[in-house]
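Source file: work-v4.cif. Holds: mmCIF, C-alpha atoms.
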data_target
#
loop_
_atom_site.group_PDB
_atom_site.id
_atom_site.type_symbol
_atom_site.label_atom_id
_atom_site.label_comp_id
_atom_site.auth_asym_id
_atom_site.auth_seq_id
_atom_site.Cartn_x
_atom_site.Cartn_y
_atom_site.Cartn_z
ATOM 1 C CA MET A 1 -271.863 -35.196 76.843
ATOM 2 C CA SER A 2 -271.591 -36.585 80.348
ATOM 3 C CA GLY A 3 -271.103 -40.347 80.266
ATOM 4 C CA THR A 4 -270.499 -40.557 76.527
ATOM 5 C CA ARG A 5 -267.340 -40.913 74.533
ATOM 6 C CA SER A 6 -267.144 -38.501 71.659
ATOM 7 C CA PHE A 7 -265.494 -39.023 68.313
ATOM 8 C CA TRP A 8 -262.610 -36.890 69.624
ATOM 9 C CA ILE A 9 -261.974 -39.101 72.641
ATOM 10 C CA TRP A 10 -261.784 -42.179 70.429
ATOM 11 C CA SER A 11 -259.594 -40.300 67.936
ATOM 12 C CA ILE A 12 -257.185 -39.258 70.686
ATOM 13 C CA THR A 13 -256.893 -42.846 71.845
ATOM 14 C CA ALA A 14 -256.288 -44.056 68.294
ATOM 15 C CA PHE A 15 -253.643 -41.331 67.792
ATOM 16 C CA PHE A 16 -251.660 -42.310 70.893
ATOM 17 C CA LEU A 17 -251.997 -46.028 70.150
ATOM 18 C CA ALA A 18 -250.822 -45.566 66.555
ATOM 19 C CA ALA A 19 -247.963 -43.297 67.630
ATOM 20 C CA SER A 20 -246.767 -45.793 70.230
ATOM 21 C CA VAL A 21 -246.933 -48.713 67.810
ATOM 22 C CA LEU A 22 -245.134 -46.802 65.048
ATOM 23 C CA ILE A 23 -242.409 -45.482 67.366
ATOM 24 C CA SER A 24 -241.850 -48.965 68.763
ATOM 25 C CA LEU A 25 -241.767 -50.478 65.276
ATOM 26 C CA ALA A 26 -239.294 -47.841 64.071
ATOM 27 C CA PHE A 27 -236.957 -48.589 66.977
ATOM 28 C CA ILE A 28 -237.256 -52.353 66.451
ATOM 29 C CA LEU A 29 -236.504 -52.058 62.733
ATOM 30 C CA ALA A 30 -233.618 -49.638 63.276
ATOM 31 C CA LEU A 31 -232.024 -51.586 66.122
ATOM 32 C CA SER A 32 -232.353 -54.885 64.270
ATOM 33 C CA GLY A 33 -230.677 -53.467 61.153
ATOM 34 C CA ARG A 34 -233.743 -54.011 58.978
ATOM 35 C CA ILE A 35 -233.762 -50.419 57.726
ATOM 36 C CA ASP A 36 -230.878 -48.411 56.347
ATOM 37 C CA LEU A 37 -229.779 -45.513 58.518
ATOM 38 C CA THR A 38 -227.668 -42.504 57.715
ATOM 39 C CA ALA A 39 -224.433 -42.071 59.646
ATOM 40 C CA ALA A 40 -226.109 -39.393 61.803
ATOM 41 C CA GLN A 41 -229.066 -41.674 62.558
ATOM 42 C CA GLN A 42 -226.778 -44.572 63.473
ATOM 43 C CA ALA A 43 -224.667 -42.316 65.703
ATOM 44 C CA TYR A 44 -227.829 -41.080 67.414
ATOM 45 C CA LEU A 45 -229.089 -44.615 68.022
ATOM 46 C CA ASP A 46 -225.682 -45.758 69.243
ATOM 47 C CA GLY A 47 -225.651 -42.872 71.721
ATOM 48 C CA LEU A 48 -228.934 -43.780 73.385
ATOM 49 C CA THR A 49 -228.607 -45.111 76.916
ATOM 50 C CA PRO A 50 -230.914 -47.292 78.994
ATOM 51 C CA LEU A 51 -232.168 -44.066 80.615
ATOM 52 C CA ASP A 52 -233.143 -42.736 77.187
ATOM 53 C CA TYR A 53 -235.126 -45.875 76.430
ATOM 54 C CA LEU A 54 -236.717 -45.730 79.888
ATOM 55 C CA VAL A 55 -237.875 -42.159 79.284
ATOM 56 C CA ILE A 56 -239.174 -43.021 75.799
ATOM 57 C CA GLY A 57 -241.128 -45.916 77.330
ATOM 58 C CA ALA A 58 -242.414 -43.716 80.163
ATOM 59 C CA VAL A 59 -243.653 -41.096 77.697
ATOM 60 C CA MET A 60 -245.483 -43.741 75.662
ATOM 61 C CA ALA A 61 -246.926 -45.305 78.829
ATOM 62 C CA CYS A 62 -248.167 -41.940 80.149
ATOM 63 C CA ASN A 63 -249.764 -41.095 76.811
ATOM 64 C CA LEU A 64 -251.390 -44.494 76.342
ATOM 65 C CA LEU A 65 -252.661 -44.714 79.910
ATOM 66 C CA GLY A 66 -253.865 -41.115 79.701
ATOM 67 C CA ALA A 67 -255.773 -41.940 76.515
ATOM 68 C CA VAL A 68 -257.308 -45.071 78.062
ATOM 69 C CA LEU A 69 -258.346 -43.087 81.134
ATOM 70 C CA LEU A 70 -259.846 -40.464 78.837
ATOM 71 C CA VAL A 71 -261.987 -43.171 77.234
ATOM 72 C CA MET A 72 -262.973 -44.216 80.753
ATOM 73 C CA LEU A 73 -263.787 -40.529 81.452
ATOM 74 C CA ARG A 74 -261.355 -40.404 84.380
ATOM 75 C CA GLY A 75 -259.911 -37.098 85.495
ATOM 76 C CA PHE A 76 -256.448 -38.563 86.094
ATOM 77 C CA ALA A 77 -256.091 -38.657 82.305
ATOM 78 C CA VAL A 78 -255.167 -34.958 82.334
ATOM 79 C CA PRO A 79 -252.059 -35.136 84.562
ATOM 80 C CA LEU A 80 -250.881 -38.253 82.733
ATOM 81 C CA LEU A 81 -251.183 -36.547 79.344
ATOM 82 C CA VAL A 82 -249.396 -33.458 80.673
ATOM 83 C CA THR A 83 -246.641 -35.613 82.186
ATOM 84 C CA GLY A 84 -246.188 -37.553 78.936
ATOM 85 C CA TRP A 85 -245.943 -34.323 76.939
ATOM 86 C CA ALA A 86 -243.541 -32.674 79.414
ATOM 87 C CA PHE A 87 -241.196 -35.687 79.611
ATOM 88 C CA GLY A 88 -241.213 -35.975 75.822
ATOM 89 C CA PHE A 89 -240.543 -32.274 75.324
ATOM 90 C CA PHE A 90 -237.683 -32.163 77.806
ATOM 91 C CA GLN A 91 -236.218 -35.327 76.349
ATOM 92 C CA LEU A 92 -236.335 -33.643 72.936
ATOM 93 C CA LEU A 93 -234.381 -30.677 74.288
ATOM 94 C CA TRP A 94 -231.863 -33.012 75.922
ATOM 95 C CA HIS A 95 -231.426 -35.019 72.729
ATOM 96 C CA ALA A 96 -231.289 -31.930 70.501
ATOM 97 C CA VAL A 97 -228.516 -30.396 72.580
ATOM 98 C CA GLY A 98 -226.469 -33.447 73.495
ATOM 99 C CA LYS A 99 -227.277 -36.448 71.346
ATOM 100 C CA GLY A 100 -227.348 -35.306 67.718
ATOM 101 C CA TRP A 101 -231.109 -35.643 67.381
ATOM 102 C CA ILE A 102 -231.472 -32.709 64.974
ATOM 103 C CA SER A 103 -228.966 -34.037 62.449
ATOM 104 C CA ALA A 104 -230.390 -37.550 62.797
ATOM 105 C CA ILE A 105 -234.005 -36.597 62.190
ATOM 106 C CA GLY A 106 -233.600 -33.778 59.636
ATOM 107 C CA ALA A 107 -236.046 -31.044 58.666
ATOM 108 C CA PRO A 108 -239.026 -33.334 57.834
ATOM 109 C CA GLY A 109 -238.657 -35.081 61.183
ATOM 110 C CA ILE A 110 -238.463 -31.794 63.043
ATOM 111 C CA ALA A 111 -241.622 -30.574 61.292
ATOM 112 C CA SER A 112 -243.414 -33.843 62.133
ATOM 113 C CA PHE A 113 -242.290 -33.622 65.735
ATOM 114 C CA ALA A 114 -243.484 -30.007 65.966
ATOM 115 C CA ALA A 115 -246.875 -30.992 64.548
ATOM 116 C CA ALA A 116 -247.176 -33.919 66.973
ATOM 117 C CA ASN A 117 -246.299 -31.648 69.902
ATOM 118 C CA PHE A 118 -248.889 -29.104 68.809
ATOM 119 C CA LEU A 119 -251.480 -31.880 68.507
ATOM 120 C CA SER A 120 -250.560 -33.156 71.978
ATOM 121 C CA LEU A 121 -251.101 -29.672 73.423
ATOM 122 C CA VAL A 122 -254.489 -29.463 71.682
ATOM 123 C CA ILE A 123 -255.383 -32.860 73.167
ATOM 124 C CA ILE A 124 -254.340 -31.679 76.631
ATOM 125 C CA ALA A 125 -256.451 -28.520 76.230
ATOM 126 C CA TYR A 126 -259.426 -30.663 75.165
ATOM 127 C CA ALA A 127 -258.968 -32.996 78.142
ATOM 128 C CA LEU A 128 -258.759 -29.977 80.460
ATOM 129 C CA SER A 129 -261.996 -28.616 79.000
ATOM 130 C CA LEU A 130 -263.680 -31.976 79.609
ATOM 131 C CA ALA A 131 -262.456 -31.952 83.201
ATOM 132 C CA ARG A 132 -263.660 -28.373 83.772
ATOM 133 C CA ARG A 133 -267.097 -29.221 82.376
ATOM 134 C CA GLY A 134 -267.382 -32.175 84.749
ATOM 135 C CA VAL A 135 -267.286 -34.825 82.014
ATOM 136 C CA LEU A 136 -264.251 -36.474 83.603
ATOM 137 C CA HIS A 137 -264.576 -37.814 87.120
#

Whole structure, structure tokens version:
Amino acid sequence: MSGTRSFWIWSITAFFLAASVLISLAFILALSGRIDLTAAQQAYLDGLTPLDYLVIGAVMACNLLGAVLLVMLRGFAVPLLVTGWAFGFFQLLWHAVGKGWISAIGAPGIASFAAANFLSLVIIAYALSLARRGVLH
């Protein structure tokens, strides 16, 4: 597989691109008042600080750049993907404990977030396997 981009590499890139676009769109629609929010969702949004938005942007940037570097078969994709996952996971914990994230997102959102985290860990494991096999340089 050396020098080629598999279906999985392209799928990973599409996943992170779609996730970033959809997250950005959701924030734009919510902050602009174009979608109705529950009281818990509005309280959560109102409680976000510039640091929160900076971390959200950093997570998306790490994931997108990691995916692009994966397409380019660059080894630095792995630490970027790990960093994006770790920042996102710790931000989740921070928001769950102190910002009302759980009540704002509800059970379906928690399940979706758990699935996305599991998928991110699978992607990281795949990228690590590519690096160990010498596909990434």

Legend entry - Residue among A:Ser103, A:Thr13, A:Ser129, A:Asn117 lying closest to Val71 of chain A, counting all atoms listed in the file: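 Smallest separation from Val71 of chain A among the options: A:Thr13.
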
Legend entry - For atom CA of Leu70 of chain A and atom CA of Ala114 of chain A, the interatomic separation in Å (one decimal):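 About the pair atom CA of Leu70 of chain A and atom CA of Ala114 of chain A: they are 23.3 Å apart.
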
Inset, instruction - Could you jot down the atom CA of Gln41 of chain A to atom CA of Trp85 of chain A separation for me, Å, one decimal place? - result: 23.4 Å

Inset, instruction - Point out the residue among A:Leu45, A:Leu73, A:Leu93, A:Ala39 with the least atom-to-atom distance to Ala26 of chain A, counting all atoms listed in the file. - result: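 Using all atoms listed in the file, Ala26 of chain A sits closest to A:Leu45.
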
Legend entry - Distance in Å - atom CA of Cys62 of chain A versus atom CA of Gly33 of chain A: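 Atom CA of Gly33 of chain A lies 28.3 Å from atom CA of Cys62 of chain A.
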
Inset, instruction - Could you tell me which of A:Val68, A:Gly75, A:Arg34, A:Pro50 comes closest to Val135 of chain A if we count all atoms listed in the file? - result: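 Between A:Val68, A:Gly75, A:Arg34, A:Pro50, the residue approaching Val135 of chain A most closely is A:Gly75.
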
Legend entry - All residues 10 Å or closer to Ala43 of chain A, only C-alpha atoms, same chain fewer than 6 positions away omitted, as number ranges by chain: A: 37, 99-101, 103-104

Selection above as a file: C-alpha atoms, as an mmCIF file, in the coordinates of the input:
data_model
loop_
_atom_site.group_PDB
_atom_site.id
_atom_site.type_symbol
_atom_site.label_atom_id
_atom_site.label_comp_id
_atom_site.auth_asym_id
_atom_site.auth_seq_id
_atom_site.Cartn_x
_atom_site.Cartn_y
_atom_site.Cartn_z
ATOM 1 C CA LEU A 37 -229.779 -45.513 58.518
ATOM 2 C CA LYS A 99 -227.277 -36.448 71.346
ATOM 3 C CA GLY A 100 -227.348 -35.306 67.718
ATOM 4 C CA TRP A 101 -231.109 -35.643 67.381
ATOM 5 C CA SER A 103 -228.966 -34.037 62.449
ATOM 6 C CA ALA A 104 -230.390 -37.550 62.797
#

Legend entry - Nearest residue to Leu130 of chain A from the set A:Leu22, A:Val55, A:Ala77, A:Leu31 (distances using all atoms listed in the file): A:Ala77

Coordinates of box centre and edge lengths for segment 51-58 of chain A, 8 Å on every side, axis-aligned, as JSON:
{"center_x": -237.3, "center_y": -44.0, "center_z": 78.2, "size_x": 26.2, "size_y": 19.8, "size_z": 20.8}

Inset, instruction - Kindly indicate which residue among A:Gln42, A:Ser24, A:Thr83, A:Ser6 lies nearest to Ser120 of chain A, using all atoms listed in the file for the distances. - result: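 Ranked by minimum distance to Ser120 of chain A, first place goes to A:Thr83.
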
Inset, instruction - Would you kindly return, as a PyMOL selection string, each protein, DNA or RNA residue with an atom no farther than 10 Å from any atom of Ala116 of chain A, considering all atoms listed in the file and excluding same-chain residues fewer than 5 positions away? - result: chain A and resi 15+19+110-111+121-122

Inset, instruction - Please evaluate the PyMOL selection byres ((chain A and resi 58) around 12) against the displayed coordinates and give the resulting residues as a VMD selection string. - result: chain A and resid 20 51 to 57 59 to 66 80 to 81 83 to 88 91

Inset, instruction - Select, from A:Thr4, A:Tyr44, A:Val78, A:Thr49, the residue with the minimum atom-to-atom distance to Ile105 of chain A, counting all atoms listed in the file. - result: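 Result for the nearest residue to Ile105 of chain A: A:Tyr44.
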
Could you complete segment 97-110 of chain A so that it carries N, CA and C atoms, and give it back as a PDB file, in the coordinates of the input?
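Saved the output as out04.pdb:
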ATOM      1  N   VAL A  97    -229.746 -31.047  72.139  1.00  0.00           N
ATOM      2  CA  VAL A  97    -228.516 -30.396  72.580  1.00  0.00           C
ATOM      3  C   VAL A  97    -227.351 -31.378  72.667  1.00  0.00           C
ATOM      4  N   GLY A  98    -227.592 -32.575  73.180  1.00  0.00           N
ATOM      5  CA  GLY A  98    -226.469 -33.447  73.495  1.00  0.00           C
ATOM      6  C   GLY A  98    -226.342 -34.764  72.767  1.00  0.00           C
ATOM      7  N   LYS A  99    -227.321 -35.104  71.926  1.00  0.00           N
ATOM      8  CA  LYS A  99    -227.277 -36.448  71.346  1.00  0.00           C
ATOM      9  C   LYS A  99    -227.346 -36.473  69.824  1.00  0.00           C
ATOM     10  N   GLY A 100    -227.323 -35.327  69.173  1.00  0.00           N
ATOM     11  CA  GLY A 100    -227.348 -35.306  67.718  1.00  0.00           C
ATOM     12  C   GLY A 100    -228.705 -35.589  67.101  1.00  0.00           C
ATOM     13  N   TRP A 101    -229.765 -35.345  67.855  1.00  0.00           N
ATOM     14  CA  TRP A 101    -231.109 -35.643  67.381  1.00  0.00           C
ATOM     15  C   TRP A 101    -231.461 -34.845  66.127  1.00  0.00           C
ATOM     16  N   ILE A 102    -231.089 -33.568  66.099  1.00  0.00           N
ATOM     17  CA  ILE A 102    -231.472 -32.709  64.974  1.00  0.00           C
ATOM     18  C   ILE A 102    -230.858 -33.212  63.675  1.00  0.00           C
ATOM     19  N   SER A 103    -229.583 -33.546  63.685  1.00  0.00           N
ATOM     20  CA  SER A 103    -228.966 -34.037  62.449  1.00  0.00           C
ATOM     21  C   SER A 103    -229.483 -35.425  62.078  1.00  0.00           C
ATOM     22  N   ALA A 104    -229.878 -36.208  63.071  1.00  0.00           N
ATOM     23  CA  ALA A 104    -230.390 -37.550  62.797  1.00  0.00           C
ATOM     24  C   ALA A 104    -231.790 -37.521  62.186  1.00  0.00           C
ATOM     25  N   ILE A 105    -232.607 -36.596  62.633  1.00  0.00           N
ATOM     26  CA  ILE A 105    -234.005 -36.597  62.190  1.00  0.00           C
ATOM     27  C   ILE A 105    -234.245 -35.709  60.977  1.00  0.00           C
ATOM     28  N   GLY A 106    -233.470 -34.653  60.798  1.00  0.00           N
ATOM     29  CA  GLY A 106    -233.600 -33.778  59.636  1.00  0.00           C
ATOM     30  C   GLY A 106    -234.834 -32.893  59.696  1.00  0.00           C
ATOM     31  N   ALA A 107    -234.955 -32.026  58.705  1.00  0.00           N
ATOM     32  CA  ALA A 107    -236.046 -31.044  58.666  1.00  0.00           C
ATOM     33  C   ALA A 107    -237.441 -31.685  58.635  1.00  0.00           C
ATOM     34  N   PRO A 108    -237.679 -32.726  57.819  1.00  0.00           N
ATOM     35  CA  PRO A 108    -239.026 -33.334  57.834  1.00  0.00           C
ATOM     36  C   PRO A 108    -239.385 -33.921  59.202  1.00  0.00           C
ATOM     37  N   GLY A 109    -238.414 -34.518  59.857  1.00  0.00           N
ATOM     38  CA  GLY A 109    -238.657 -35.081  61.183  1.00  0.00           C
ATOM     39  C   GLY A 109    -238.942 -34.016  62.219  1.00  0.00           C
ATOM     40  N   ILE A 110    -238.229 -32.906  62.111  1.00  0.00           N
ATOM     41  CA  ILE A 110    -238.463 -31.794  63.043  1.00  0.00           C
ATOM     42  C   ILE A 110    -239.869 -31.236  62.840  1.00  0.00           C
TER      43      ILE A 110
END
